[in-house]
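Here's upload-v4.txt, which has compact mmCIF, C-alpha atoms:
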# COMPACT_ATOMS: atom_id res chain seq x y z
CA MET G 1 101.04 91.53 106.22
CA PRO G 2 99.74 93.98 108.84
CA ARG G 3 96.34 94.52 107.24
CA SER G 4 95.61 90.83 106.84
CA SER G 5 96.74 90.22 110.41
CA SER G 6 94.48 92.93 111.78
CA ILE G 7 91.54 91.65 109.77
CA SER G 8 92.03 88.08 110.90
CA ALA G 9 92.51 89.24 114.53
CA LEU G 10 89.33 91.30 114.39
CA GLY G 11 87.52 88.45 112.70
CA THR G 12 88.65 86.03 115.40
CA LEU G 13 87.51 88.42 118.14
CA SER G 14 84.16 88.89 116.41
CA VAL G 15 83.66 85.16 116.08
CA ALA G 16 84.62 84.63 119.72
CA ALA G 17 82.22 87.35 120.88
CA LEU G 18 79.45 85.94 118.76
CA LEU G 19 79.97 82.43 120.01
CA ILE G 20 79.88 83.72 123.59
CA ALA G 21 76.70 85.65 122.82
CA ALA G 22 75.25 82.52 121.30
CA GLN G 23 75.44 80.77 124.66
CA GLY G 24 72.59 82.94 125.99
CA PRO G 25 68.92 82.05 125.75
CA GLY G 26 67.78 81.32 122.22
CA THR G 27 68.11 84.59 120.38
CA ARG G 28 67.38 84.99 116.72
CA VAL G 29 68.88 87.75 114.61
CA THR G 30 67.17 89.05 111.50
CA TYR G 31 68.73 91.24 108.82
CA ARG G 32 66.02 92.96 106.75
CA VAL G 33 67.55 94.03 103.48
CA ARG G 34 66.36 96.46 100.79
CA VAL G 35 68.33 97.47 97.70
CA VAL G 36 67.19 100.87 96.48
CA GLN G 37 68.08 102.88 93.40
CA ASP G 38 67.72 106.68 93.53
CA GLY G 39 65.36 106.50 96.48
CA VAL G 40 62.39 105.34 94.43
CA LEU G 41 63.24 102.10 92.66
CA GLU G 42 63.39 99.04 94.87
CA LEU G 43 65.66 96.52 93.16
CA ALA G 44 65.37 93.80 95.78
CA ARG G 45 63.90 93.11 99.17
CA GLY G 46 64.56 90.22 101.51
CA SER G 47 65.75 89.04 104.85
CA VAL G 48 68.23 86.71 106.43
CA SER G 49 67.78 85.32 109.88
CA GLY G 50 69.43 82.79 112.10
CA PRO G 51 70.72 82.09 115.56
CA ALA G 52 72.98 84.60 117.27
CA GLY G 53 76.24 84.52 115.41
CA THR G 54 74.64 84.50 111.98
CA ASP G 55 76.36 86.83 109.53
CA LEU G 56 74.97 88.32 106.35
CA ARG G 57 76.76 87.84 103.06
CA PHE G 58 75.57 90.24 100.38
CA SER G 59 76.51 90.43 96.74
CA LEU G 60 75.52 92.67 93.86
CA ARG G 61 76.79 92.18 90.33
CA SER G 62 76.17 94.29 87.27
CA ASP G 63 77.98 94.79 83.98
CA SER G 64 80.29 97.37 85.50
CA ALA G 65 80.63 96.45 89.18
CA GLU G 66 80.73 93.53 91.56
CA ILE G 67 80.30 94.23 95.24
CA GLU G 68 80.47 91.51 97.84
CA ALA G 69 80.27 92.13 101.54
CA LEU G 70 80.11 90.20 104.76
CA PHE G 71 78.31 91.88 107.65
CA GLN G 72 79.13 90.61 111.10
CA ILE G 73 77.48 91.83 114.26
CA VAL G 74 78.67 91.99 117.85
CA PRO G 75 75.80 92.67 120.29
CA GLU G 76 76.69 95.06 123.11
CA GLY G 77 73.69 95.62 125.37
CA ASP G 78 71.01 97.53 123.52
CA THR G 79 73.35 98.36 120.71
CA VAL G 80 75.08 96.29 118.12
CA LEU G 81 78.40 96.79 116.41
CA VAL G 82 78.15 96.09 112.69
CA ALA G 83 81.37 95.36 110.84
CA GLY G 84 81.24 95.13 107.08
CA GLU G 85 84.05 93.57 105.11
CA PHE G 86 83.84 94.68 101.49
CA PHE G 87 85.39 93.13 98.42
CA THR G 88 84.68 95.10 95.26
CA LYS G 89 85.53 95.00 91.57
CA ARG G 90 84.67 97.88 89.29
CA ARG G 91 85.10 98.39 85.58
CA TRP G 92 87.82 100.99 85.15
CA GLY G 93 86.17 103.70 83.07
CA GLY G 94 86.55 102.90 79.40
CA GLY G 95 90.00 101.51 80.03
CA ARG G 96 91.15 98.50 78.09
CA SER G 97 94.28 96.44 78.11
CA ARG G 98 96.68 96.19 75.17
CA ARG G 99 94.80 93.06 74.14
CA GLY G 100 91.47 94.89 74.16
CA LEU G 101 90.14 93.39 77.39
CA GLY G 102 88.27 95.51 79.93
CA LEU G 103 90.24 96.60 82.99
CA TRP G 104 88.83 96.17 86.49
CA GLU G 105 89.74 97.79 89.80
CA GLN G 106 89.73 95.49 92.80
CA ASP G 107 89.49 96.77 96.34
CA SER G 108 88.84 95.43 99.83
CA TYR G 109 88.21 97.39 102.99
CA ARG G 110 86.30 97.37 106.25
CA ARG G 111 83.56 99.60 107.65
CA VAL G 112 82.35 99.57 111.24
CA VAL G 113 79.30 101.32 112.66
CA ARG G 114 77.35 101.09 115.91
CA LEU G 115 73.57 101.18 115.91
CA ALA G 116 70.68 100.34 118.17
CA TRP G 117 68.62 97.20 117.63
CA GLY G 118 65.83 98.07 115.23
CA ASP G 119 67.79 100.86 113.56
CA THR G 120 68.45 100.86 109.86
CA ALA G 121 71.91 101.27 108.36
CA ARG G 122 72.05 102.69 104.86
CA ILE G 123 75.06 101.47 102.94
CA HIS G 124 75.97 103.64 99.97
CA LEU G 125 77.74 101.03 97.87
CA PHE G 126 79.65 103.50 95.68
CA GLY G 127 80.37 106.10 98.34
CA ARG G 128 78.30 108.92 99.73
CA PRO G 129 76.44 110.91 97.10
CA ARG G 130 78.15 114.15 96.08
CA PRO G 131 76.83 117.27 97.78
CA SER G 132 75.65 118.59 94.42
CA ALA G 133 73.73 115.40 93.61
CA ALA G 134 70.11 114.93 94.48
CA ARG G 135 69.62 113.86 98.10
CA GLU G 136 68.22 110.46 97.14
CA ALA G 137 70.58 109.80 94.24
CA GLY G 138 72.61 106.63 93.88
CA LEU G 139 72.37 103.00 94.84
CA TRP G 140 72.23 101.89 98.43
CA VAL G 141 71.38 98.94 100.62
CA GLU G 142 69.29 99.32 103.73
CA VAL G 143 69.93 96.80 106.46
CA ALA G 144 67.68 96.81 109.53
CA LEU G 145 68.74 94.66 112.45
CA VAL G 146 66.13 93.00 114.60
CA ARG G 147 66.52 90.43 117.35
CA GLY G 148 63.98 88.24 119.03
CA PHE G 149 63.56 84.95 120.79
CA SER G 150 64.14 81.98 118.58
CA GLY G 151 61.21 79.92 119.83
CA GLY G 152 63.20 76.77 119.24
CA GLU G 153 63.97 77.59 115.62
CA GLY G 154 67.69 77.15 115.13
CA ARG G 155 68.01 76.97 111.37
CA PRO G 156 69.07 79.99 109.36
CA ALA G 157 66.58 81.29 106.82
CA GLU G 158 66.92 83.38 103.69
CA GLU G 159 64.36 85.10 101.53
CA LEU G 160 64.85 87.50 98.64
CA GLN G 161 62.63 89.05 96.00
CA VAL G 162 64.54 90.61 93.13
CA THR G 163 62.54 93.01 90.95
CA ASP G 164 65.32 94.06 88.60
CA SER G 165 66.67 91.20 86.54
CA GLY G 166 69.50 93.35 85.19
CA THR G 167 71.31 93.20 88.49
CA ASP G 168 72.36 90.00 90.17
CA ILE G 169 71.67 90.38 93.88
CA SER G 170 71.96 87.75 96.56
CA VAL G 171 71.85 87.51 100.33
CA GLU G 172 73.07 84.53 102.30
CA ALA G 173 73.15 83.54 105.92
CA VAL G 174 76.64 82.66 107.09
CA VAL G 175 76.71 80.43 110.12
CA ARG G 176 79.85 78.93 111.55
CA PRO G 177 79.08 75.44 112.84
CA ARG G 178 79.51 74.96 116.55
CA ARG G 179 79.08 71.24 116.03
CA ALA G 180 79.13 68.99 112.99
CA ARG G 181 77.67 65.59 112.30
CA VAL G 182 80.42 63.30 110.99
CA ILE G 183 79.49 59.90 109.57
CA MET G 184 82.34 57.49 108.91
CA ASN G 185 82.70 54.18 107.08
CA LEU G 186 85.62 51.94 106.28
CA VAL G 187 85.80 50.68 102.74
CA ARG G 188 87.98 48.03 101.14
CA GLY G 189 87.02 46.83 97.71
CA ASP G 190 83.35 45.84 97.83
CA THR G 191 83.28 45.58 101.60
CA VAL G 192 81.88 48.45 103.59
CA SER G 193 81.67 48.77 107.37
CA GLY G 194 78.53 49.95 109.11
CA PRO G 195 78.29 53.74 109.37
CA ARG G 196 79.27 55.38 112.64
CA GLY G 197 78.02 58.88 113.32
CA PHE G 198 79.31 61.39 115.82
CA ASP G 199 78.51 64.97 116.72
CA LEU G 200 81.93 66.58 116.95
CA VAL G 201 82.87 70.04 118.15
CA PRO G 202 85.62 71.91 116.31
CA GLU G 203 88.88 72.22 118.22
CA ALA G 204 87.65 69.81 120.94
CA PRO G 205 89.94 66.97 122.10
CA ALA G 206 90.24 64.02 119.73
CA HIS G 207 87.66 61.25 119.89
CA ARG G 208 88.55 57.56 119.68
CA VAL G 209 86.39 55.54 117.28
CA GLN G 210 86.32 51.89 116.35
CA LEU G 211 85.15 50.74 112.95
CA ALA G 212 84.49 47.04 112.38
CA MET G 213 84.80 45.50 108.95
CA ALA G 214 85.18 41.87 107.82
CA GLY G 215 85.73 40.58 111.34
CA ARG G 216 88.43 43.01 112.35
CA THR G 217 88.35 46.33 114.13
CA THR G 218 90.20 49.47 113.20
CA THR G 219 90.73 52.09 115.88
CA LEU G 220 91.26 55.70 114.94
CA GLU G 221 91.46 58.98 116.80
CA VAL G 222 89.51 61.72 115.08
CA GLY G 223 89.19 65.37 115.91
CA LEU G 224 87.41 68.20 114.21
CA ALA G 225 89.21 71.45 113.39
CA ARG G 226 88.53 74.60 111.46
CA PRO G 227 90.42 74.94 108.19
CA GLU G 228 93.50 77.04 107.75
CA PRO G 229 92.73 80.60 106.57
CA SER G 230 92.28 80.63 102.83
CA PRO G 231 95.16 82.06 100.79
CA SER G 232 92.59 83.98 98.76
CA ALA G 233 91.81 87.44 100.19
CA ARG G 234 88.29 87.27 98.79
CA ASP G 235 87.59 83.93 100.45
CA ARG G 236 88.90 85.23 103.78
CA VAL G 237 87.01 88.51 103.60
CA LEU G 238 83.71 86.90 102.65
CA ALA G 239 84.16 83.89 104.98
CA LEU G 240 83.49 81.54 102.09
CA ASP G 241 84.87 78.68 104.16
CA ALA G 242 82.62 79.38 107.15
CA ASP G 243 80.93 75.99 106.90
CA VAL G 244 84.08 74.03 106.15
CA VAL G 245 85.46 71.68 108.78
CA CYS G 246 88.47 69.40 108.75
CA LEU G 247 88.66 65.91 110.24
CA ARG G 248 92.11 65.06 111.58
CA VAL G 249 92.68 61.33 111.65
CA VAL G 250 95.37 59.73 113.79
CA ALA G 251 96.28 56.07 114.21
CA PRO G 252 96.58 55.71 118.03
CA ASP G 253 98.95 52.75 117.93
CA VAL G 254 101.57 54.72 116.04
CA ALA G 255 100.50 58.16 117.31
CA GLU G 256 101.07 59.44 113.86
CA PRO G 257 98.70 61.57 111.79
CA VAL G 258 97.14 59.53 109.03
CA GLY G 259 95.68 62.46 107.20
CA ILE G 260 93.12 65.18 107.15
CA ILE G 261 89.81 65.48 105.30
CA CYS G 262 88.24 68.91 104.81
CA GLY G 263 84.82 69.67 103.41
CA ARG G 264 81.61 71.60 103.68
CA LEU G 265 78.69 70.41 105.74
CA ASN G 266 76.88 69.22 102.64
CA ASN G 267 76.56 65.42 102.95
CA VAL G 268 79.20 64.72 100.33
CA ALA G 269 81.40 61.71 101.06
CA ARG G 270 85.14 62.33 101.16
CA ARG G 271 87.76 59.61 101.15
CA LEU G 272 91.06 59.18 102.95
CA PRO G 273 93.33 56.17 102.27
CA LEU G 274 94.55 54.52 105.47
CA PRO G 275 97.98 52.85 105.84
CA GLY G 276 96.59 49.28 106.07
CA GLY G 277 94.89 49.46 102.69
CA ASP G 278 91.44 50.51 103.93
CA THR G 279 89.81 53.77 102.94
CA LEU G 280 88.05 56.00 105.44
CA VAL G 281 84.95 57.65 104.00
CA ALA G 282 83.68 60.63 105.96
CA THR G 283 80.59 62.73 105.40
CA PHE G 284 80.03 66.08 107.06
CA ALA G 285 76.56 67.44 107.79
CA TRP G 286 74.82 69.91 110.03
CA PRO G 287 73.81 68.23 113.29
CA ALA G 288 70.22 67.12 113.66
CA GLY G 289 67.77 69.55 115.19
CA ARG G 290 69.50 72.53 113.68
CA MET L 291 105.51 137.74 32.18
CA SER L 292 103.36 137.27 35.20
CA ASP L 293 106.06 135.09 36.85
CA GLY L 294 108.56 137.88 36.24
CA HIS L 295 106.33 140.41 37.96
CA GLU L 296 105.77 138.05 40.88
CA THR L 297 109.50 137.83 41.37
CA TRP L 298 109.96 141.59 41.18
CA LEU L 299 107.08 142.18 43.61
CA LYS L 300 108.82 139.90 46.11
CA GLN L 301 112.03 141.84 45.53
CA ILE L 302 110.16 145.11 46.17
CA ASP L 303 108.84 143.72 49.42
CA ALA L 304 112.31 142.64 50.47
CA GLU L 305 113.82 146.00 49.50
CA LEU L 306 111.32 147.90 51.62
CA ASP L 307 112.19 145.61 54.51
CA GLY L 308 115.86 146.45 53.97
CA GLU L 309 116.77 142.88 53.11
CA LEU L 310 118.33 143.34 49.62
CA SER L 311 122.02 143.58 48.83
CA LEU L 312 123.39 146.47 46.75
CA VAL L 313 123.54 144.32 43.64
CA GLU L 314 119.90 143.27 44.04
CA ARG L 315 118.82 146.87 44.74
CA ALA L 316 120.59 148.01 41.59
CA ALA L 317 118.87 145.32 39.52
CA LEU L 318 115.51 146.28 40.99
CA ALA L 319 116.07 150.01 40.30
CA LYS L 320 116.95 149.22 36.70
CA HIS L 321 113.76 147.18 36.30
CA LEU L 322 111.57 149.83 37.94
CA ALA L 323 112.86 152.42 35.51
CA THR L 324 111.38 150.45 32.62
CA CYS L 325 108.30 148.81 34.29
CA ALA L 326 105.44 151.11 35.18
CA HIS L 327 103.48 148.23 36.71
CA CYS L 328 106.19 147.36 39.24
CA ALA L 329 106.91 151.03 39.98
CA GLY L 330 103.21 151.50 40.81
CA ALA L 331 103.23 148.41 43.03
CA ARG L 332 106.25 149.77 44.90
CA ALA L 333 104.46 153.09 45.44
CA SER L 334 101.38 151.25 46.76
CA GLN L 335 103.53 149.15 49.09
CA LEU L 336 105.16 152.32 50.42
CA GLU L 337 101.78 153.94 51.06
CA VAL L 338 100.60 150.88 52.99
CA ARG L 339 103.73 150.99 55.12
CA VAL L 340 103.31 154.67 55.83
CA ALA L 341 99.75 154.00 56.97
CA LEU L 342 100.94 151.19 59.25
CA ALA L 343 103.68 153.40 60.73
CA ARG L 344 101.16 156.13 61.39
CA SER L 345 98.77 153.76 63.11
CA ALA L 346 101.66 152.56 65.29
CA GLY L 347 102.25 156.18 66.38
CA ASP L 348 105.57 156.64 64.52
CA PRO L 349 104.91 158.27 61.11
CA HIS L 350 108.61 159.05 60.62
CA ALA L 351 109.83 155.51 61.09
CA HIS L 352 112.28 154.07 58.56
CA VAL L 353 110.60 150.67 58.62
CA VAL L 354 107.19 149.49 59.84
CA PRO L 355 107.45 149.28 63.65
CA ARG L 356 106.86 145.81 65.09
CA PRO L 357 103.91 145.51 67.48
CA ILE L 358 105.05 145.77 71.09
CA ILE L 359 103.38 143.65 73.78
CA ARG L 360 103.35 145.80 76.89
CA GLY L 361 104.06 144.07 80.20
CA ARG L 362 100.97 145.50 81.80
CA ALA L 363 98.71 144.22 79.03
CA LEU L 364 100.35 140.81 79.18
CA ALA L 365 99.85 140.62 82.95
CA PHE L 366 96.23 141.68 82.56
CA TRP L 367 95.46 138.98 80.05
CA ALA L 368 97.33 136.33 82.06
CA VAL L 369 95.40 137.21 85.24
CA LEU L 370 92.13 137.24 83.34
CA ALA L 371 92.83 133.82 81.81
CA LEU L 372 93.81 132.38 85.22
CA ALA L 373 90.71 133.78 86.93
CA THR L 374 88.48 132.44 84.16
CA GLY L 375 90.08 128.99 84.46
CA ILE L 376 89.68 128.90 88.23
CA ALA L 377 86.04 129.99 88.04
CA ALA L 378 85.24 127.45 85.33
CA GLY L 379 87.00 124.67 87.27
CA TRP L 380 85.16 125.53 90.48
CA LEU L 381 81.80 125.59 88.70
CA ALA L 382 82.50 122.31 86.89
CA HIS L 383 83.66 120.60 90.07
CA SER L 384 80.61 121.70 92.02
CA ARG L 385 78.36 120.59 89.16
CA TRP L 386 79.94 117.31 88.06
CA GLY L 387 82.62 116.62 90.64
CA GLY L 388 86.22 115.76 90.00
CA PRO L 389 87.55 113.21 87.53
CA GLY L 390 86.71 110.06 89.50
CA GLY L 391 87.32 111.42 92.99
CA SER L 392 89.55 109.84 95.58
CA LEU L 393 89.59 106.14 96.36
CA GLU L 394 87.99 106.73 99.75
CA ASP L 395 85.12 108.66 98.14
CA SER L 396 84.37 105.70 95.90
CA ARG L 397 84.19 103.18 98.74
CA ALA L 398 81.02 102.13 100.47
CA ALA L 399 79.82 104.33 103.31
CA ILE L 400 77.46 103.30 106.10
CA VAL L 401 75.01 105.86 107.45
CA VAL L 402 72.72 105.09 110.39
CA HIS L 403 69.09 106.16 110.08

Could you rewrite the structure in this file as structure tokens?
Amino acid sequence: MPRSSSISALGTLSVAALLIAAQGPGTRVTYRVRVVQDGVLELARGSVSGPAGTDLRFSLRSDSAEIEALFQIVPEGDTVLVAGEFFTKRRWGGGRSRRGLGLWEQDSYRRVVRLAWGDTARIHLFGRPRPSAAREAGLWVEVALVRGFSGGEGRPAEELQVTDSGTDISVEAVVRPRRARVIMNLVRGDTVSGPRGFDLVPEAPAHRVQLAMAGRTTTLEVGLARPEPSPSARDRVLALDADVVCLRVVAPDVAEPVGIICGRLNNVARRLPLPGGDTLVATFAWPAGR
Amino acid sequence: MSDGHETWLKQIDAELDGELSLVERAALAKHLATCAHCAGARASQLEVRVALARSAGDPHAHVVPRPIIRGRALAFWAVLALATGIAAGWLAHSRWGGPGGSLEDSRAAIVVH
């Protein structure tokens, strides 16, 4: 589909530009976020920060609307290009289905704006206020973009204070791993090999590893890859698989793929049966020092 | 008795509208000759019709003239109704906006401050 293609192409370009920008001296990006109702009521206030390449995922849910957005930035000199991918669901008036269930409208679209570092972008979540409405009417999100030197701090950080419990608001840092810590074991019955850990880079050439168990050695070629784009439009738009990596496992003697293990960088062990009867257990985590 | 009069009063009405056959007119005339009540009602009906014909500007008409809607009056009222509708719609739209607006209007908008 043309729209999906253009979104994924733009997304790829954004990611590439961000990864290139991330090669520079340690820069830290901070999104300062305020959610304001009618200009006077502050529903939430917080910030998300992280190394260059950190995106902001925002969500707001109420009884009648759900708005999720991913804000990606591409620094260009003293300015920054902000691209927002929106995925929204809204209750359709008083409409109900034949079975009496509420009807919802679902929409996804993209907004792009250029601003200077330090500027504030006001995002009117339900469209610009009508000319006849009060100037400060409606709900909006203010996002101020600030950059500074990281001072060695590489981990993303999130903070949010929600003052209105009637609205579910969240902000998240979205960071695509440039490396991942992969810890592997071989398991057969009650026998477990010693763990072997590697820092692997996605899409880098495969790495040969040897795992010893019960007096014999198993050699495997492993490489890290990013997952295939999700079939769900929402998952793609909101980059819900940003921290998912896939381990491709090949048996070098037969040059044949053994299998693939995908998972988030969350220290959860995932298992892959090998042809000889062993099971490869792999755990993905963020690399140390992050 | 009353039902009989009701029937004859309807017949009088129909006769004055020219809707009775000769046989019915003959029966009515015969009744009127013997019923003072119905003869008086017929006279009253005739007086009312004369007054209506006069007010319509045709006192010598054979039957009560039907009201005529003049083209000019019709056009006037149609234009007035249209203008009132447009003005009310414009005022309502500027006050409350349209019914839901377009899809693009309902989507998020980013404004730089």

Hey, which of G:Gly189, G:Gly102, G:Gly94, G:Pro257 ends up closest to Ala214 of chain G? Count all atoms listed in the file.
G:Gly189

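The interatomic distance for the pair atom CA of Glu394 of chain L and atom CA of Glu105 of chain G works out to 13.5 Å.
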
Show me, as a tab-separated table, the residues of chain G having an atom within 7 Å of chain L, each with the closest atom pair and its distance in Å, using all atoms listed in the file.
residue	atom	partner	partner_atom	distance
G:Leu115	CA	L:Val402	CA	6.8
G:Asp119	CA	L:His403	CA	6.5
G:Thr120	CA	L:His403	CA	5.3
G:Ala121	CA	L:Val402	CA	4.4
G:Arg122	CA	L:Val401	CA	5.1
G:Ile123	CA	L:Ile400	CA	4.4
G:His124	CA	L:Ala399	CA	5.1
G:Leu125	CA	L:Ala398	CA	4.3
G:Phe126	CA	L:Ala398	CA	5.2
G:Gly127	CA	L:Ala398	CA	4.6
G:Arg128	CA	L:Ala399	CA	6.0
G:Ser132	CA	L:Arg385	CA	6.2

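Once Ala304 of chain L and its same-chain neighbours fewer than 3 positions away are set aside, Thr297, Trp298, Leu299, Lys300, Gln301, Asp307, Gly308, Glu309, Leu310, Ser311, Glu314, Arg315, Leu318, Arg332, Gln335 and Val353 of chain L remain within 12 Å of it when counting all atoms listed in the file.
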
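Distance-wise, atom CA of Leu101 of chain G and atom CA of Ala65 of chain G end up 15.5 Å apart.
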
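Close to (84.1, 48.0, 109.2), meaning no more than 12 Å away when counting only C-alpha atoms, sit the residues Met184, Asn185, Leu186, Val187, Arg188, Gly189, Asp190, Thr191, Val192, Ser193, Gly194, Pro195, Arg196, Val209, Gln210, Leu211, Ala212, Met213, Ala214, Gly215, Arg216, Thr217, Thr218, Thr219, Leu220, Asp278, Thr279, Leu280 and Val281 of chain G.
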
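With distances restricted to all atoms listed in the file, L:Val354 is the closest residue to Glu337 of chain L from L:Val354, L:Leu372, L:Ile359, L:Ala319.
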
May I ask for the distance between atom CA of Thr167 of chain G and atom CA of Leu43 of chain G, given in Å to one decimal place?
8.0 Å

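Every polymer residue reaching to within 7 Å of (109.1, 143.8, 37.4), counting all atoms listed in the file, appears in this list: Gly294, His295, Trp298, Leu299, His321, Leu322, Cys325 and Cys328 of chain L.
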
Could you check the closest approach to Phe284 of chain G for each of G:Val245, G:Leu240, G:Val182, G:Ala52 and tell me which residue wins, using all atoms listed in the file?
G:Val182
